[in-house]
Number of protein chains: 4
Amino acid sequence: MDEIRVALVGYQFMGRAHSNAYRQVSFYFPELQVRPVMRVLVGRQRKLCDQMAARFGWEETEYSIEAVAARDDIDLIDITAPNNVHAQLAIKAAKAGKHVFCEKPLATSLEDAKKARDAVQKAGVINTVCHNYRRAPAVALVHKMVENEDLGEIYHWRALYLQDWAMDPAVPLMWRFQKRVAGSGSLGDLMAHSVDLALWLVGDISRVSCTMKTWVKQRPKASAVDGGLGGAAAAGAMGRVDVDDGVVALAEFRSGALGTFEATRFAAGHKNYNWFEINGSKGSVIFNLERMNELYYCSGTDPADRSGFRLIQASDPVHPYMGLPGGGPRYWPTAHIIGYEHTFINTVADILQAIAEGGPSPEPTFASGCRTQAVLHACEQATKEGAWVRVPKV
Amino acid sequence: MDEIRVALVGYQFMGRAHSNAYRQVSFYFPELQVRPVMRVLVGRQRKLCDQMAARFGWEETEYSIEAVAARDDIDLIDITAPNNVHAQLAIKAAKAGKHVFCEKPLATSLEDAKKARDAVQKAGVINTVCHNYRRAPAVALVHKMVENEDLGEIYHWRALYLQDWAMDPAVPLMWRFQKRVAGSGSLGDLMAHSVDLALWLVGDISRVSCTMKTWVKQRPKASAVDGGLGGAAAAGAMGRVDVDDGVVALAEFRSGALGTFEATRFAAGHKNYNWFEINGSKGSVIFNLERMNELYYCSGTDPADRSGFRLIQASDPVHPYMGLPGGGPRYWPTAHIIGYEHTFINTVADILQAIAEGGPSPEPTFASGCRTQAVLHACEQATKEGAWVRVPKV
Amino acid sequence: MDEIRVALVGYQFMGRAHSNAYRQVSFYFPELQVRPVMRVLVGRQRKLCDQMAARFGWEETEYSIEAVAARDDIDLIDITAPNNVHAQLAIKAAKAGKHVFCEKPLATSLEDAKKARDAVQKAGVINTVCHNYRRAPAVALVHKMVENEDLGEIYHWRALYLQDWAMDPAVPLMWRFQKRVAGSGSLGDLMAHSVDLALWLVGDISRVSCTMKTWVKQRPKASAVDGGLGGAAAAGAMGRVDVDDGVVALAEFRSGALGTFEATRFAAGHKNYNWFEINGSKGSVIFNLERMNELYYCSGTDPADRSGFRLIQASDPVHPYMGLPGGGPRYWPTAHIIGYEHTFINTVADILQAIAEGGPSPEPTFASGCRTQAVLHACEQATKEGAWVRVPKV
Amino acid sequence: MDEIRVALVGYQFMGRAHSNAYRQVSFYFPELQVRPVMRVLVGRQRKLCDQMAARFGWEETEYSIEAVAARDDIDLIDITAPNNVHAQLAIKAAKAGKHVFCEKPLATSLEDAKKARDAVQKAGVINTVCHNYRRAPAVALVHKMVENEDLGEIYHWRALYLQDWAMDPAVPLMWRFQKRVAGSGSLGDLMAHSVDLALWLVGDISRVSCTMKTWVKQRPKASAVDGGLGGAAAAGAMGRVDVDDGVVALAEFRSGALGTFEATRFAAGHKNYNWFEINGSKGSVIFNLERMNELYYCSGTDPADRSGFRLIQASDPVHPYMGLPGGGPRYWPTAHIIGYEHTFINTVADILQAIAEGGPSPEPTFASGCRTQAVLHACEQATKEGAWVRVPKV
């Protein structure tokens, strides 16, 4: 069996999630004709990088993108570094002829996103942005329904991504609150996921209206909390939050459908409520990531007195990603549920398969990532202008 | 016991709902110091009016507002005629010194709404717009929480009002699809309810962004369906729909809270999904009219490992409207649920009590109705202009 | 239009619920060819009876069954007196040739129930036991499904009726805790409803196993709480609870289906959780009285990847009791929900119609009431014997 | 770091689930002072065993318990072979001085279970039966509540374990339908889980009543379906099902609580509905494995007008198993849900830790497994006798 030799950049939350996916993919996807080798973990803090490599199961470490890009024993570079370096790392990887798998967002600006896209296209490498929720089986089932035209003409898309972890003003000024590193707050962190799904399931967005809020405008600097550095930290070391705590947006799709989006870190009681609903002429669906094994579906063809939203346990071998080619469950029997991490495993499986087959690149490609970025860009513009803004063509 | 002599204008859906409320209020509110007398039903179609008066229990009929306003045996005029005559009927009633209870919307234009408000204020009569959902016990409980500051600073309001009855293109061109009579479609019919609740529970809205859609632009004229009047109807008598099938809006509250609104008649599978959620610094609530006896509430003071949304059965004597003054249930024991009609009974009880006590007018007064109308007005402007629009002061 | 002249015995909880049904039935069932006249309220406490007649809308009062049975201006006698006099009152009414509508339970012993049944059959009068939950539209829809064989062969019936009002030991020793008056506790009060539904929806039960518990064995006598009679009451006037707080039972249906029943007043957090589920070879249904407008239904004919329990809003004109003969809603449009009281209105409508048509008696007749009583009887026997007991033929 | 060298017997469904747990435990439990080594996979079908060892990641294979028990490089023997050999394998492992982890049920008879228990106790080895649902964080949270006396005196336990995979008569006569191998059907397969949880959360059961059903009494022999062997198979090769398709039981706990149990493979629409509810004097909890990251909890200390069942997202670092010792999530952030497989990982972690610390054995020990077996035994007796049966002391 052929090996795909992987280098991973970054070892925080997403680095851990991606590492786990490489560790598990061959166990759950025995039909894959290739297997990943966890060759190199890349990070700038040498000691920490070495330590994480040992914990996550990477064979070696490198401390710069240049070093790893220069190696000829690497096929795929996976980027989970902070948002603001995604694009530049991806470009370097592509120029070195490596396949590239990049955590979302592809970039912190539309311009950078396009540069990254151009780079991978020029290099002809496999390229995918990590929007793992596409590969929750229930979400993939929605896509299948859309492709089968089971929902008919789409009238409404509505999406919520609600969390509450940032409500406490004592939560420190981590990088997610800093525009320079994160690009934006709830917009790029949460709503980006909803936009990716909307574009996939409903199609292109032509224009948006938007506004954002920052309720907690000052937070204790991380060092004051994390490091406990004494006097200096205590002496009023508050820093400015320059990203949004919450965002709301309206959208008009090219198809004529109406869309709403809301993402926030200030919705008390909601932990990871990534929810969407689609209403079409033939039926509706509702998805909620907190119950990611389930899909609510209302079919327009039900008899009049027996119509309603049904709860599909989307964890059966008949559902996307859930069955082995020869029959039987890929993971576990129906309703023996899978979790968050399996969306990454499914994603990595698709990438490995694409590399094995020489393409095409699994969706969302960098080109698709640019389309998402264009919507986020338009949202920022619309917020500034107080008016509807057309989504730029990319 | 004193009598409040009522005249009701209109005998369609709302006329029936109001009639029922007058019939029942004394049974369920034995503590009321007055009782309503169902004196006169008013309608222009004489035969039908007489017939409905008999069915609903009205003693007499009149066929014009002038006739009933001139009578000195009427204390309260209740208006459920089509939207486009609400304001003018209310003004005539007020000028005759009658108390006025008016179905929503107060008018089909902001200008007319203000005229109606001015008329009742000048006349010094009790005046209330019928937004019956305020008086669902679960909603009234939310208001109590807000007044107690149990939710803290409000960050988010989101409201949906989803129906699907208009999706079928064969649904005829009834008055609800005609701008001249209805004023607007889902905006005034459905979203108006959500706006009323938002103003009550979160406070004034400073600006809005909005857009609307009409997916089915032609419908068979009602005569072609209802009456079957022969040649003309059969010959393809389609008429133009000039109101919105669906509307989406963003709002910024004066307090700094963000709001979203969506109302539609094109959400397959939803029948009467009047839903809202409030997220505040101390907790959140979720209400859904289809389960109107329930309220979901998340308290910020729960212990960390036991926190979550709790389902309150808001049908206990401890809840608003649900207990008799001397103890025990007003309606039925806890979770022996009440229904849609009881929101009207509660509303009528409050009006009768206010008349008995000489005021003040129960909320939403015509002044409050104007504030709701101002938001709807701004939504229409925002839709036309493609930009955020400030809500006019009224 | 013909009149059905009604006498009602009792004016507590059920007396109020029945009164309300007579008051409302003609409004909601305009197609009825008869209308009820609320002629006489019957009670032994003269002053209270007069007062309640005024409040509930009864024209006159009588103070004994004999007096009212002797009147020739009464067609129907409705019995809501305490359980232990149901049968004897029904027998007297029947002997006087009156139609009889009797609150459940028909009697506090199987023997008495059979006597009541024999009396009405001998007299040839219309007779019905009030099991109002049969006439929740969602429940009637289940019956329709069963009759259509949409559920196939039934494998499982499971029923819960959970309340929590009696958990507080300070709740006084009201009649519901006294075997002499109530017959039993949770068994006859709550589980009786579940048994009635089981017999209707699944068929006869052949044998049962059962046990019961009384957790709070002493309660303050009612006078000590209600009347505040001073010294004597304060001096530890506790009385013995001699009925069950909770009951659990297994059942085998004649058809071979397995059944479980549980009824309790000691389930913290449940207020009126009257719930059942049926699993058949072609599908399943789930009903919960607290959400009585809804029915969960799983159809065995759904495609494999789209199968699941769907939530039917059983409040549409296509559903039982919800449509007018000429079309349109009987009560309100779909999902503008109805409540507990409407189950009584539907029941009274069926009885009035049966009287108008000269029969047959609406189900559950007294004969059916005996079948329910026989199951409860067998449960008591099984509890005593610690063994499965066959349900006696009646 | 010390190694625990593991041998696994069996490679079907449970063998795969246990293998996965060993593969993942060190990644998710970095604080463990030992790590498992997947040394030997044991099976009688040599070729298949070798193949599965390669797939699941086992270093070597053996083909008999004797061979593996004789090896001195094995610390822990994990048994996932068919039910009827559990006890004998465990005894051999214990006699060889190996720690033993045994899939449920511990045996197919009470007598054998006790022999296995005696063997491990005599050998002084760590011993645990695999009831992995105890280690779903939400279930462990219930146990914590019980220990804290947050639920007060327990009145009711009710448990359902509902599946529907066996309803189709074409499902072949696999080992789960054969008493000789499986011991029983839904009783031992499903209800055993509920009994284990009941004993853990509510305490000992003193007596039971029970009955069982087999609706599909003949099934095609597995060869006729699996192998497609032609003539012989086609010629009526049906075999007899001699285990239960469904079981219902009542229980009385030593504490006085009432319990109900139901387990079935014939509940259309339910896939893995392992559900239980506890009602106590201070509160109630509801768990459903299909939503295993959630727990419904009603606290008796909520204010009267704000009381109800709250949905706890039991996936926060504050919840059992979900936090790392130093803070932060063990798996993923709150409501980034975990799945079925993680219950095995948690179980294996506890066993490894116990071995590292030299005991005591993690619950359920073989002694606890005997208590579960005694309840199942009493259920079978009660079914035969048609009477309540006392649970034998073990």
# chains A, B, ... in the order shown; residues from 1 in each chain; ligands from 1

call {"tool": "interface_residues", "arguments": {"of": "chain B", "to": "chain D", "cutoff": "9 Å", "atoms": "only C-alpha atoms", "output": "CSV table (one decimal) with N, CA and C atoms, in the first residue's frame"}}
result
chain,number,residue,atom,x,y,z
B,141,LEU,N,-44.3,35.5,31.3
B,141,LEU,CA,-43.3,35.1,32.2
B,141,LEU,C,-41.9,35.7,31.8
B,296,TYR,N,-38.5,27.6,27.4
B,296,TYR,CA,-37.1,27.2,27.7
B,296,TYR,C,-36.3,28.3,28.3
B,297,TYR,N,-35.7,28.0,29.4
B,297,TYR,CA,-34.9,29.1,30.2
B,297,TYR,C,-33.6,28.5,30.6
B,298,CYS,N,-32.6,29.3,30.4
B,298,CYS,CA,-31.2,28.9,30.9
B,298,CYS,C,-30.8,30.0,31.8
B,304,ALA,N,-21.9,25.0,37.4
B,304,ALA,CA,-21.3,24.8,36.1
B,304,ALA,C,-21.6,23.5,35.5
B,305,ASP,N,-21.7,22.4,36.3
B,305,ASP,CA,-21.9,21.1,35.7
B,305,ASP,C,-23.4,20.7,35.6
B,306,ARG,N,-24.2,21.7,35.9
B,306,ARG,CA,-25.7,21.4,35.9
B,306,ARG,C,-26.4,22.5,35.1
B,307,SER,N,-25.7,23.1,34.2
B,307,SER,CA,-26.4,24.3,33.6
B,307,SER,C,-26.9,23.8,32.2
B,308,GLY,N,-28.0,24.5,31.8
B,308,GLY,CA,-28.6,24.1,30.6
B,308,GLY,C,-30.0,24.7,30.5
B,309,PHE,N,-30.6,24.6,29.3
B,309,PHE,CA,-31.9,25.1,29.1
B,309,PHE,C,-33.0,24.2,29.7
B,310,ARG,N,-33.8,24.8,30.6
B,310,ARG,CA,-34.8,24.0,31.2
B,310,ARG,C,-36.2,24.3,30.6
B,311,LEU,N,-37.0,23.3,30.6
B,311,LEU,CA,-38.3,23.4,30.0
B,311,LEU,C,-39.3,23.7,31.1
B,312,ILE,N,-39.8,24.9,31.2
B,312,ILE,CA,-40.7,25.3,32.2
B,312,ILE,C,-42.1,25.0,31.7
B,313,GLN,N,-42.9,24.3,32.4
B,313,GLN,CA,-44.4,24.1,32.0
B,313,GLN,C,-45.1,25.4,32.6
B,314,ALA,N,-45.2,26.4,31.7
B,314,ALA,CA,-45.7,27.7,32.2
B,314,ALA,C,-47.2,27.7,32.3
B,316,ASP,N,-48.7,26.7,35.3
B,316,ASP,CA,-49.0,26.5,36.8
B,316,ASP,C,-49.6,27.8,37.3
B,317,PRO,N,-50.4,27.6,38.4
B,317,PRO,CA,-51.0,28.8,39.0
B,317,PRO,C,-49.9,29.9,39.4
B,318,VAL,N,-48.7,29.5,39.6
B,318,VAL,CA,-47.7,30.5,39.9
B,318,VAL,C,-47.3,31.4,38.7
B,319,HIS,N,-47.7,31.0,37.5
B,319,HIS,CA,-47.4,31.7,36.3
B,319,HIS,C,-48.4,32.8,36.0

call {"tool": "select_by_dssp", "arguments": {"residues": "stretch 226-302 of chain B", "states": "helix (DSSP H, G or I)", "output": "MDAnalysis selection string"}}
result
chainID B and resid 231:234 289:291

call {"tool": "residues_around", "arguments": {"residues": "C:Leu48", "least_positions_apart": "6", "cutoff": "12 Å", "atoms": "only C-alpha atoms", "output": "list in words"}}
result
Gly10, Tyr11, Gln12, Leu41, Val42, Ala54, Arg55, Phe56, Thr61, Glu62 and Tyr63 of chain C

call {"tool": "write_last_selection", "arguments": {"atoms": "C-alpha atoms", "output": "compact mmCIF listing (two decimals), in the first residue's frame"}}
result
# COMPACT_ATOMS: atom_id res chain seq x y z
CA GLY C 10 -71.09 17.70 40.93
CA TYR C 11 -69.32 21.02 40.62
CA GLN C 12 -65.69 20.40 41.49
CA LEU C 41 -76.89 21.53 38.62
CA VAL C 42 -77.18 18.90 41.33
CA ALA C 54 -74.61 30.78 38.89
CA ARG C 55 -70.93 30.74 38.12
CA PHE C 56 -71.05 27.93 35.58
CA THR C 61 -80.39 23.51 41.09
CA GLU C 62 -81.50 20.30 42.75
CA TYR C 63 -80.04 18.72 45.85

call {"tool": "select_by_dssp", "arguments": {"residues": "stretch 102-347 of chain A", "states": "strand (DSSP E)", "output": "PyMOL selection string"}}
result
chain A and resi 102-103+127-130+154-162+205-213+218-220+238-240+246-253+258-264+273-280+283-288+294-299+308-313

call {"tool": "write_last_selection", "arguments": {"atoms": "C-alpha atoms", "output": "CSV table (one decimal), in the first residue's frame"}}
result
chain,number,residue,atom,x,y,z
A,102,CYS,CA,-5.5,24.2,5.1
A,103,GLU,CA,-7.6,24.9,8.1
A,127,ASN,CA,-5.9,21.6,-2.3
A,128,THR,CA,-8.7,21.6,0.3
A,129,VAL,CA,-9.9,24.0,3.0
A,130,CYS,CA,-10.9,22.3,6.1
A,154,ILE,CA,-35.0,26.8,-2.1
A,155,TYR,CA,-36.8,29.7,-0.6
A,156,HIS,CA,-35.0,30.1,2.8
A,157,TRP,CA,-31.6,29.5,4.3
A,158,ARG,CA,-31.1,30.3,8.0
A,159,ALA,CA,-28.0,29.6,10.0
A,160,LEU,CA,-27.1,30.1,13.6
A,161,TYR,CA,-23.7,29.4,15.2
A,162,LEU,CA,-24.1,30.2,18.9
A,205,ILE,CA,-24.7,34.6,-2.6
A,206,SER,CA,-25.2,37.8,-4.6
A,207,ARG,CA,-25.4,40.4,-1.9
A,208,VAL,CA,-25.4,40.8,1.9
A,209,SER,CA,-26.3,43.2,4.6
A,210,CYS,CA,-24.5,42.8,7.9
A,211,THR,CA,-23.6,44.3,11.3
A,212,MET,CA,-21.4,43.3,14.2
A,213,LYS,CA,-21.0,44.0,17.9
A,218,GLN,CA,-11.3,45.3,27.0
A,219,ARG,CA,-9.9,42.1,28.3
A,220,PRO,CA,-7.0,41.1,30.5
A,238,MET,CA,-6.0,45.3,29.8
A,239,GLY,CA,-5.9,45.0,26.1
A,240,ARG,CA,-8.4,46.1,23.4
A,246,GLY,CA,-21.4,38.7,17.5
A,247,VAL,CA,-22.5,39.2,13.9
A,248,VAL,CA,-25.8,39.1,12.1
A,249,ALA,CA,-26.3,39.1,8.3
A,250,LEU,CA,-28.9,38.9,5.6
A,251,ALA,CA,-28.2,37.4,2.2
A,252,GLU,CA,-29.7,37.1,-1.1
A,253,PHE,CA,-28.7,34.1,-3.1
A,258,LEU,CA,-33.3,34.5,1.1
A,259,GLY,CA,-30.7,33.8,3.8
A,260,THR,CA,-30.0,34.8,7.3
A,261,PHE,CA,-26.8,34.3,9.3
A,262,GLU,CA,-26.0,34.8,12.9
A,263,ALA,CA,-22.9,33.9,14.8
A,264,THR,CA,-22.0,34.9,18.3
A,273,TYR,CA,-25.0,25.4,18.4
A,274,ASN,CA,-24.1,25.3,14.7
A,275,TRP,CA,-27.5,25.1,13.3
A,276,PHE,CA,-29.1,25.6,9.9
A,277,GLU,CA,-32.4,25.2,8.2
A,278,ILE,CA,-33.4,25.0,4.5
A,279,ASN,CA,-36.9,25.5,3.3
A,280,GLY,CA,-37.7,24.5,-0.2
A,283,GLY,CA,-39.4,20.0,1.8
A,284,SER,CA,-37.2,21.3,4.6
A,285,VAL,CA,-34.3,20.1,6.6
A,286,ILE,CA,-32.8,21.2,10.0
A,287,PHE,CA,-29.4,20.4,11.3
A,288,ASN,CA,-27.8,21.0,14.7
A,294,GLU,CA,-29.5,13.6,13.5
A,295,LEU,CA,-31.3,15.3,10.7
A,296,TYR,CA,-34.8,16.7,10.8
A,297,TYR,CA,-36.5,16.4,7.4
A,298,CYS,CA,-40.0,17.3,6.3
A,299,SER,CA,-41.0,15.8,3.0
A,308,GLY,CA,-44.2,16.7,9.7
A,309,PHE,CA,-40.5,16.9,10.5
A,310,ARG,CA,-39.0,13.5,11.0
A,311,LEU,CA,-35.9,12.8,13.0
A,312,ILE,CA,-33.5,10.8,10.8
A,313,GLN,CA,-30.8,9.0,12.8

call {"tool": "residues_around", "arguments": {"residues": "B:Glu3", "least_positions_apart": "3", "cutoff": "7 Å", "atoms": "only C-alpha atoms", "output": "list of chain:residue names"}}
result
B:Val34, B:Arg35, B:Pro36, B:Val37

call {"tool": "closest_residue", "arguments": {"among": "C:Ala7, C:Phe13, C:Ala267, C:Asp112", "to": "C:Leu76", "atoms": "only C-alpha atoms"}}
result
C:Ala7

call {"tool": "residues_around", "arguments": {"residues": "C:Asn346", "least_positions_apart": "5", "cutoff": "9 Å", "atoms": "only C-alpha atoms", "output": "PyMOL selection string"}}
result
chain C and resi 21+25+29+132+135-136+321+351

call {"tool": "atom_distance", "arguments": {"atom1": "atom CA of A:Ser109", "atom2": "atom CA of A:Pro392"}}
result
12.8 Å

call {"tool": "residues_around", "arguments": {"residues": "D:Ser368", "least_positions_apart": "2", "cutoff": "10 Å", "atoms": "only C-alpha atoms", "output": "PDB file with C-alpha atoms, in the first residue's frame"}}
result
ATOM      1  CA  LEU D 106     -20.092 -12.294  32.418  1.00  0.00           C
ATOM      2  CA  ARG D 117     -16.047 -14.326  40.071  1.00  0.00           C
ATOM      3  CA  THR D 128     -13.988  -5.821  35.293  1.00  0.00           C
ATOM      4  CA  VAL D 129     -17.046  -6.575  33.206  1.00  0.00           C
ATOM      5  CA  ASP D 196     -26.197  -2.894  35.456  1.00  0.00           C
ATOM      6  CA  LEU D 199     -27.877  -1.583  40.393  1.00  0.00           C
ATOM      7  CA  TRP D 200     -25.196   1.077  40.210  1.00  0.00           C
ATOM      8  CA  GLU D 363     -16.608  -1.344  38.689  1.00  0.00           C
ATOM      9  CA  PRO D 364     -18.478  -3.361  37.601  1.00  0.00           C
ATOM     10  CA  THR D 365     -16.211  -6.045  38.990  1.00  0.00           C
ATOM     11  CA  PHE D 366     -17.026  -9.691  38.428  1.00  0.00           C
ATOM     12  CA  CYS D 370     -22.821 -11.610  39.328  1.00  0.00           C
ATOM     13  CA  ARG D 371     -25.381  -9.291  40.848  1.00  0.00           C
ATOM     14  CA  THR D 372     -26.547  -8.308  37.368  1.00  0.00           C
ATOM     15  CA  GLN D 373     -26.617 -11.943  36.349  1.00  0.00           C
ATOM     16  CA  ALA D 374     -28.697 -12.774  39.419  1.00  0.00           C
ATOM     17  CA  VAL D 394     -24.724 -13.708  45.356  1.00  0.00           C
TER      18      VAL D 394
END

call {"tool": "residues_around", "arguments": {"residues": "D:Gly57", "least_positions_apart": "2", "cutoff": "8 Å", "atoms": "only C-alpha atoms", "output": "PyMOL selection string"}}
result
chain D and resi 19+23+38+53-55+59

call {"tool": "write_last_selection", "arguments": {"atoms": "N, CA and C atoms", "output": "PDB file, in the first residue's frame"}}
result
ATOM      1  N   SER D  19     -10.360  -2.972  20.568  1.00  0.00           N
ATOM      2  CA  SER D  19      -9.095  -2.650  19.890  1.00  0.00           C
ATOM      3  C   SER D  19      -8.952  -1.150  19.725  1.00  0.00           C
ATOM      4  N   ARG D  23      -6.043   1.504  21.103  1.00  0.00           N
ATOM      5  CA  ARG D  23      -5.329   2.363  20.164  1.00  0.00           C
ATOM      6  C   ARG D  23      -5.375   3.831  20.580  1.00  0.00           C
ATOM      7  N   MET D  38      -0.541  -3.488  22.414  1.00  0.00           N
ATOM      8  CA  MET D  38      -1.488  -4.423  21.794  1.00  0.00           C
ATOM      9  C   MET D  38      -0.702  -5.637  21.296  1.00  0.00           C
ATOM     10  N   ALA D  53      -5.888  -8.996  13.119  1.00  0.00           N
ATOM     11  CA  ALA D  53      -4.775  -8.445  13.898  1.00  0.00           C
ATOM     12  C   ALA D  53      -4.085  -7.340  13.102  1.00  0.00           C
ATOM     13  N   ALA D  54      -3.891  -7.603  11.825  1.00  0.00           N
ATOM     14  CA  ALA D  54      -3.256  -6.596  10.963  1.00  0.00           C
ATOM     15  C   ALA D  54      -4.148  -5.358  10.854  1.00  0.00           C
ATOM     16  N   ARG D  55      -5.434  -5.586  10.705  1.00  0.00           N
ATOM     17  CA  ARG D  55      -6.333  -4.451  10.538  1.00  0.00           C
ATOM     18  C   ARG D  55      -6.448  -3.609  11.810  1.00  0.00           C
ATOM     19  N   GLU D  59       0.056  -6.919  17.459  1.00  0.00           N
ATOM     20  CA  GLU D  59       1.396  -7.335  17.018  1.00  0.00           C
ATOM     21  C   GLU D  59       1.450  -8.792  16.593  1.00  0.00           C
TER      22      GLU D  59
END

call {"tool": "atom_distance", "arguments": {"atom1": "atom CA of B:Ser186", "atom2": "atom CA of B:Ile337"}}
result
28.4 Å

call {"tool": "atom_distance", "arguments": {"atom1": "atom CA of A:Val216", "atom2": "atom CA of A:Leu187"}}
result
16.0 Å
